file target_36.csv (CSV, C-alpha atoms)
chain,number,residue,atom,x,y,z
A,1,MET,CA,-23.1,-114.7,35.1
A,2,GLN,CA,-26.1,-116.7,33.7
A,3,PRO,CA,-28.7,-114.1,34.6
A,4,ALA,CA,-26.7,-111.4,32.8
A,5,ALA,CA,-26.2,-113.7,29.8
A,6,GLU,CA,-29.9,-114.5,29.7
A,7,ARG,CA,-30.9,-110.9,29.9
A,8,LEU,CA,-28.5,-109.9,27.0
A,9,SER,CA,-29.7,-112.9,25.0
A,10,SER,CA,-33.3,-111.8,25.4
A,11,LEU,CA,-32.3,-108.5,23.8
A,12,GLY,CA,-31.2,-110.3,20.7
A,13,TYR,CA,-27.4,-110.5,21.4
A,14,SER,CA,-25.4,-113.6,20.8
A,15,VAL,CA,-23.7,-114.3,24.2
A,16,TRP,CA,-20.8,-116.6,25.0
A,17,TRP,CA,-19.1,-117.2,28.3
A,18,ASP,CA,-17.2,-120.1,29.7
A,19,GLU,CA,-20.2,-121.9,31.3
A,20,ARG,CA,-17.9,-124.7,32.6
A,21,ASP,CA,-16.0,-122.4,35.0
A,22,GLY,CA,-12.6,-122.3,33.3
A,23,GLN,CA,-12.9,-125.6,31.4
A,24,ALA,CA,-13.1,-124.0,27.9
A,25,SER,CA,-10.0,-124.4,25.9
A,26,ILE,CA,-7.7,-121.4,25.4
A,27,ASP,CA,-8.3,-121.7,21.6
A,28,GLU,CA,-12.1,-121.6,22.1
A,29,ILE,CA,-11.8,-118.5,24.4
A,30,GLU,CA,-9.5,-116.7,22.0
A,31,ARG,CA,-11.7,-117.5,19.0
A,32,GLN,CA,-14.8,-116.2,20.8
A,33,PHE,CA,-12.9,-113.2,22.0
A,34,THR,CA,-11.7,-112.4,18.4
A,35,GLU,CA,-15.2,-112.7,16.9
A,36,ALA,CA,-17.0,-110.7,19.6
A,37,ARG,CA,-17.9,-107.1,18.9
A,38,ALA,CA,-18.3,-106.4,22.6
A,39,ILE,CA,-16.7,-107.9,25.7
A,40,VAL,CA,-18.6,-107.4,29.0
A,41,THR,CA,-16.4,-107.9,32.0
A,42,VAL,CA,-18.4,-108.9,35.1
A,43,TRP,CA,-16.4,-107.5,38.0
A,44,SER,CA,-16.4,-109.1,41.4
A,45,GLU,CA,-13.7,-109.5,44.0
A,46,SER,CA,-12.6,-112.8,42.5
A,47,ALA,CA,-12.6,-111.3,38.9
A,48,ARG,CA,-10.4,-108.4,40.2
A,49,ASN,CA,-7.9,-111.0,41.5
A,50,SER,CA,-7.8,-113.0,38.3
A,51,SER,CA,-4.9,-112.3,36.0
A,52,TRP,CA,-6.8,-113.9,33.2
A,53,VAL,CA,-9.8,-111.5,33.6
A,54,LEU,CA,-7.4,-108.6,33.9
A,55,ALA,CA,-5.5,-109.6,30.7
A,56,GLN,CA,-8.7,-110.2,28.7
A,57,SER,CA,-10.2,-106.9,29.9
A,58,ALA,CA,-7.1,-105.0,29.0
A,59,GLN,CA,-7.1,-106.5,25.5
A,60,ALA,CA,-10.8,-105.6,25.1
A,61,LEU,CA,-10.0,-102.1,26.3
A,62,ASP,CA,-7.2,-101.8,23.8
A,63,GLU,CA,-9.6,-102.9,21.0
A,64,ASP,CA,-12.4,-100.4,22.2
A,65,LYS,CA,-14.9,-103.2,22.9
A,66,LEU,CA,-14.9,-103.4,26.7
A,67,LEU,CA,-18.1,-102.9,28.7
A,68,GLN,CA,-18.2,-103.5,32.4
A,69,MET,CA,-20.7,-104.4,35.1
A,70,GLN,CA,-19.9,-104.8,38.8
A,71,ILE,CA,-21.8,-107.4,40.9
A,72,ASP,CA,-20.3,-106.7,44.3
A,73,ASP,CA,-18.9,-103.8,46.2
A,74,MET,CA,-15.2,-103.8,45.3
A,75,ARG,CA,-12.7,-101.3,44.1
A,76,LEU,CA,-12.0,-101.5,40.4
A,77,PRO,CA,-8.4,-101.9,39.3
A,78,ALA,CA,-6.8,-99.2,37.2
A,79,PRO,CA,-7.3,-98.4,34.3
A,80,PHE,CA,-10.8,-99.9,34.4
A,81,ASP,CA,-11.9,-97.5,37.0
A,82,ALA,CA,-11.7,-94.7,34.3
A,83,LEU,CA,-14.5,-96.3,32.3
A,84,LYS,CA,-18.2,-96.3,32.9
A,85,ILE,CA,-19.6,-99.3,34.7
A,86,ALA,CA,-23.1,-100.7,35.3
A,87,GLU,CA,-23.4,-101.3,39.0
A,88,MET,CA,-25.5,-104.3,39.9
A,89,HIS,CA,-24.9,-104.5,43.6
A,90,SER,CA,-26.1,-102.9,46.9
A,91,GLY,CA,-29.6,-102.5,45.5
A,92,LYS,CA,-28.4,-100.9,42.3
A,93,SER,CA,-29.5,-102.2,38.9
A,94,GLU,CA,-28.1,-100.1,36.0
A,95,TRP,CA,-29.2,-102.4,33.2
A,96,GLY,CA,-30.3,-99.4,31.1
A,97,MET,CA,-26.9,-97.9,31.1
A,98,LEU,CA,-25.3,-101.2,30.1
A,99,GLU,CA,-27.9,-101.9,27.4
A,100,ALA,CA,-27.5,-98.5,25.9
A,101,ALA,CA,-23.7,-98.8,25.9
A,102,LEU,CA,-23.9,-102.3,24.3
A,103,ALA,CA,-26.3,-101.0,21.6
A,104,ALA,CA,-24.0,-98.1,20.9
A,105,LEU,CA,-21.0,-100.3,20.6
A,106,VAL,CA,-22.5,-103.3,18.7
A,107,ARG,CA,-25.1,-101.6,16.5
A,108,GLU,CA,-23.6,-98.2,16.0
A,109,GLY,CA,-19.9,-98.9,16.3
A,110,ARG,CA,-19.3,-96.2,19.0
A,111,PRO,CA,-16.7,-97.1,21.5
A,112,PRO,CA,-17.5,-96.9,25.2
A,113,GLU,CA,-17.1,-93.5,26.9
A,114,ALA,CA,-14.5,-92.8,29.5
A,115,ILE,CA,-15.3,-91.1,32.8
A,116,ASP,CA,-13.8,-87.6,32.9
A,117,HIS,CA,-12.6,-87.4,36.6
A,118,ARG,CA,-11.9,-83.7,36.1
A,119,GLY,CA,-15.6,-83.3,35.1
A,120,ALA,CA,-16.6,-85.0,38.3
A,121,GLN,CA,-14.5,-82.5,40.3
A,122,THR,CA,-16.0,-79.6,38.5
A,123,ALA,CA,-19.5,-80.9,39.1
A,124,GLN,CA,-18.9,-80.3,42.9
A,125,PRO,CA,-19.6,-76.5,42.7
A,126,ASN,CA,-23.0,-77.3,41.1
A,127,ILE,CA,-24.0,-78.9,44.3
A,128,VAL,CA,-22.9,-75.8,46.2
A,129,ALA,CA,-24.4,-73.4,43.6
A,130,ALA,CA,-27.9,-74.7,43.9
A,131,PRO,CA,-28.4,-73.5,47.5
A,132,ARG,CA,-26.7,-70.2,46.5
A,133,LEU,CA,-29.2,-69.7,43.7
A,134,LEU,CA,-32.0,-70.2,46.2
A,135,LEU,CA,-30.4,-67.8,48.6
A,136,THR,CA,-30.0,-65.2,45.8
A,137,ALA,CA,-33.6,-65.6,44.8
A,138,VAL,CA,-34.9,-65.2,48.3
A,139,THR,CA,-32.7,-62.2,48.9
A,140,ALA,CA,-33.9,-60.6,45.7
A,141,ALA,CA,-37.5,-61.3,46.6
A,142,LEU,CA,-37.0,-59.7,50.1
A,143,VAL,CA,-35.3,-56.6,48.6
A,144,ALA,CA,-38.2,-56.2,46.1
A,145,PHE,CA,-40.7,-56.7,48.9
A,146,PHE,CA,-39.2,-54.1,51.2
A,147,GLY,CA,-38.7,-51.7,48.3
A,148,ALA,CA,-42.4,-52.0,47.4
A,149,LEU,CA,-43.4,-51.4,51.0
A,150,THR,CA,-41.1,-48.4,51.3
A,151,ALA,CA,-42.4,-47.0,48.1
A,152,THR,CA,-46.0,-47.3,49.3
A,153,TYR,CA,-45.1,-45.8,52.7
A,154,ASN,CA,-43.5,-42.8,51.0
A,155,GLY,CA,-46.5,-42.3,48.8
A,156,VAL,CA,-44.7,-43.2,45.6
A,157,MET,CA,-46.9,-46.3,45.1
A,158,ARG,CA,-50.7,-46.8,45.8
A,159,THR,CA,-51.8,-49.8,47.8
A,160,ASP,CA,-53.4,-51.5,44.7
A,161,GLU,CA,-50.0,-51.1,43.0
A,162,LEU,CA,-48.3,-52.6,46.0
A,163,GLN,CA,-50.6,-55.6,45.9
A,164,LEU,CA,-49.7,-56.2,42.2
A,165,ALA,CA,-46.0,-55.7,43.0
A,166,LEU,CA,-46.2,-58.3,45.8
A,167,TYR,CA,-47.9,-60.8,43.6
A,168,GLY,CA,-45.0,-60.3,41.1
A,169,VAL,CA,-42.4,-60.8,43.8
A,170,LEU,CA,-44.2,-63.9,45.1
A,171,ALA,CA,-44.3,-65.3,41.5
A,172,VAL,CA,-40.6,-64.7,40.9
A,173,ALA,CA,-39.6,-66.1,44.3
A,174,THR,CA,-41.8,-69.2,43.7
A,175,LEU,CA,-40.3,-69.7,40.2
A,176,CYS,CA,-36.7,-69.4,41.5
A,177,ALA,CA,-37.4,-71.8,44.4
A,178,ALA,CA,-38.9,-74.3,41.9
A,179,VAL,CA,-35.9,-74.1,39.6
A,180,SER,CA,-33.5,-74.5,42.5
A,181,ALA,CA,-35.4,-77.5,43.8
A,182,LEU,CA,-35.4,-79.2,40.4
A,183,ARG,CA,-31.7,-78.5,40.1
A,184,LEU,CA,-31.0,-80.1,43.5
A,185,PHE,CA,-33.2,-83.1,42.6
A,186,ALA,CA,-31.3,-83.6,39.3
A,187,ILE,CA,-28.0,-83.4,41.1
A,188,ARG,CA,-29.0,-85.9,43.7
A,189,ARG,CA,-30.5,-88.2,41.1
A,190,ALA,CA,-27.2,-88.2,39.2
A,191,GLY,CA,-25.5,-89.3,42.3
A,192,GLY,CA,-24.1,-85.9,43.4

call {"tool": "encode", "arguments": {"input": "target_36.csv", "output": "structure tokens"}}
result
Amino acid sequence: MQPAAERLSSLGYSVWWDERDGQASIDEIERQFTEARAIVTVWSESARNSSWVLAQSAQALDEDKLLQMQIDDMRLPAPFDALKIAEMHSGKSEWGMLEAALAALVREGRPPEAIDHRGAQTAQPNIVAAPRLLLTAVTAALVAFFGALTATYNGVMRTDELQLALYGVLAVATLCAAVSALRLFAIRRAGG
């Protein structure tokens, strides 16, 4: 908890947590909770099993001031799994997401965003659609290529016109492949 508190303090936030591992009085905890503009729950397996952490997190969620970070690989309890969380485990370090959410909440008064699980399900076809786009581009390029060859063979197009047409087909195919590759890269980067 101390590294997280130090990082947030270095950004100019006033940070309080029970540094004495549960020795702070209930009155002190409630006072700090009431005065806080944001509550960051640091999820771990032991936090998940703590009724005190669950109760405080639920209250912070009700008051639209809950932010979350996860420091080990555990399944979040409902309803907290429906909120964005900064993952700080398994080589992940999503400080940027946590810092942006904290700034939006504390400085701009915007409550944390929920995850739209239906949106995650509709994102699935995008992963499938990228290879389809590439296949469509390659098919269109091949059709144009064979159309140009056929036109030249039948005398409808001269060879210099064929060369120009083939450069155009190559340019369009390259552009479509680049767009598809960028789209795949963006989907993979977003975790899809």

call {"tool": "residues_around", "arguments": {"input": "target_36.csv", "residues": "Phe146 (chain A)", "least_positions_apart": "6", "cutoff": "12 Å", "atoms": "only C-alpha atoms", "output": "list of chain:residue names"}}
result
A:Thr139, A:Ala140, A:Thr152, A:Tyr153, A:Leu162, A:Ala165, A:Leu166, A:Val169

call {"tool": "residues_around", "arguments": {"input": "target_36.csv", "residues": "Arg75 (chain A)", "least_positions_apart": "5", "cutoff": "9 Å", "atoms": "all atoms listed in the file", "output": "ChimeraX atom specification"}}
result
/A:45,48,81

call {"tool": "closest_residue", "arguments": {"input": "target_36.csv", "among": "A:Pro112, A:Ile29, A:Arg158, A:Ala101", "to": "Val53 (chain A)", "atoms": "all atoms listed in the file"}}
result
A:Ile29

call {"tool": "residues_around", "arguments": {"input": "target_36.csv", "residues": "Glu63 (chain A)", "least_positions_apart": "3", "cutoff": "10 Å", "atoms": "all atoms listed in the file", "output": "PDB file with C-alpha atoms, in the coordinates of the input"}}
result
ATOM      1  CA  ARG A  37     -17.900-107.100  18.900  1.00  0.00           C
ATOM      2  CA  ALA A  38     -18.300-106.400  22.600  1.00  0.00           C
ATOM      3  CA  ILE A  39     -16.700-107.900  25.700  1.00  0.00           C
ATOM      4  CA  SER A  57     -10.200-106.900  29.900  1.00  0.00           C
ATOM      5  CA  ALA A  58      -7.100-105.000  29.000  1.00  0.00           C
ATOM      6  CA  GLN A  59      -7.100-106.500  25.500  1.00  0.00           C
ATOM      7  CA  ALA A  60     -10.800-105.600  25.100  1.00  0.00           C
ATOM      8  CA  LEU A  66     -14.900-103.400  26.700  1.00  0.00           C
ATOM      9  CA  PRO A 111     -16.700 -97.100  21.500  1.00  0.00           C
TER      10      PRO A 111
END

call {"tool": "closest_residue", "arguments": {"input": "target_36.csv", "among": "A:Val138, A:Ala151, A:Leu8, A:Leu164", "to": "Ser180 (chain A)", "atoms": "all atoms listed in the file"}}
result
A:Val138

call {"tool": "atom_distance", "arguments": {"input": "target_36.csv", "atom1": "CA of Trp17 (chain A)", "atom2": "CA of Ser46 (chain A)"}}
result
16.2 Å

call {"tool": "atom_distance", "arguments": {"input": "target_36.csv", "atom1": "CA of Ser44 (chain A)", "atom2": "CA of Met74 (chain A)"}}
result
6.7 Å

call {"tool": "atom_distance", "arguments": {"input": "target_36.csv", "atom1": "CA of Leu98 (chain A)", "atom2": "CA of Ala82 (chain A)"}}
result
15.6 Å

call {"tool": "closest_residue", "arguments": {"input": "target_36.csv", "among": "A:Gln56, A:Thr159, A:Ser93, A:Gln2", "to": "Phe33 (chain A)", "atoms": "only C-alpha atoms"}}
result
A:Gln56

call {"tool": "closest_residue", "arguments": {"input": "target_36.csv", "among": "A:Ala55, A:Ala181, A:Ala144, A:Ala5", "to": "Val40 (chain A)", "atoms": "all atoms listed in the file"}}
result
A:Ala5

call {"tool": "closest_residue", "arguments": {"input": "target_36.csv", "among": "A:Met157, A:Glu35, A:Ala173, A:Val179", "to": "Val143 (chain A)", "atoms": "all atoms listed in the file"}}
result
A:Ala173

call {"tool": "closest_residue", "arguments": {"input": "target_36.csv", "among": "A:Ala24, A:Asp62, A:Leu135, A:Asp73", "to": "Trp43 (chain A)", "atoms": "only C-alpha atoms"}}
result
A:Asp73
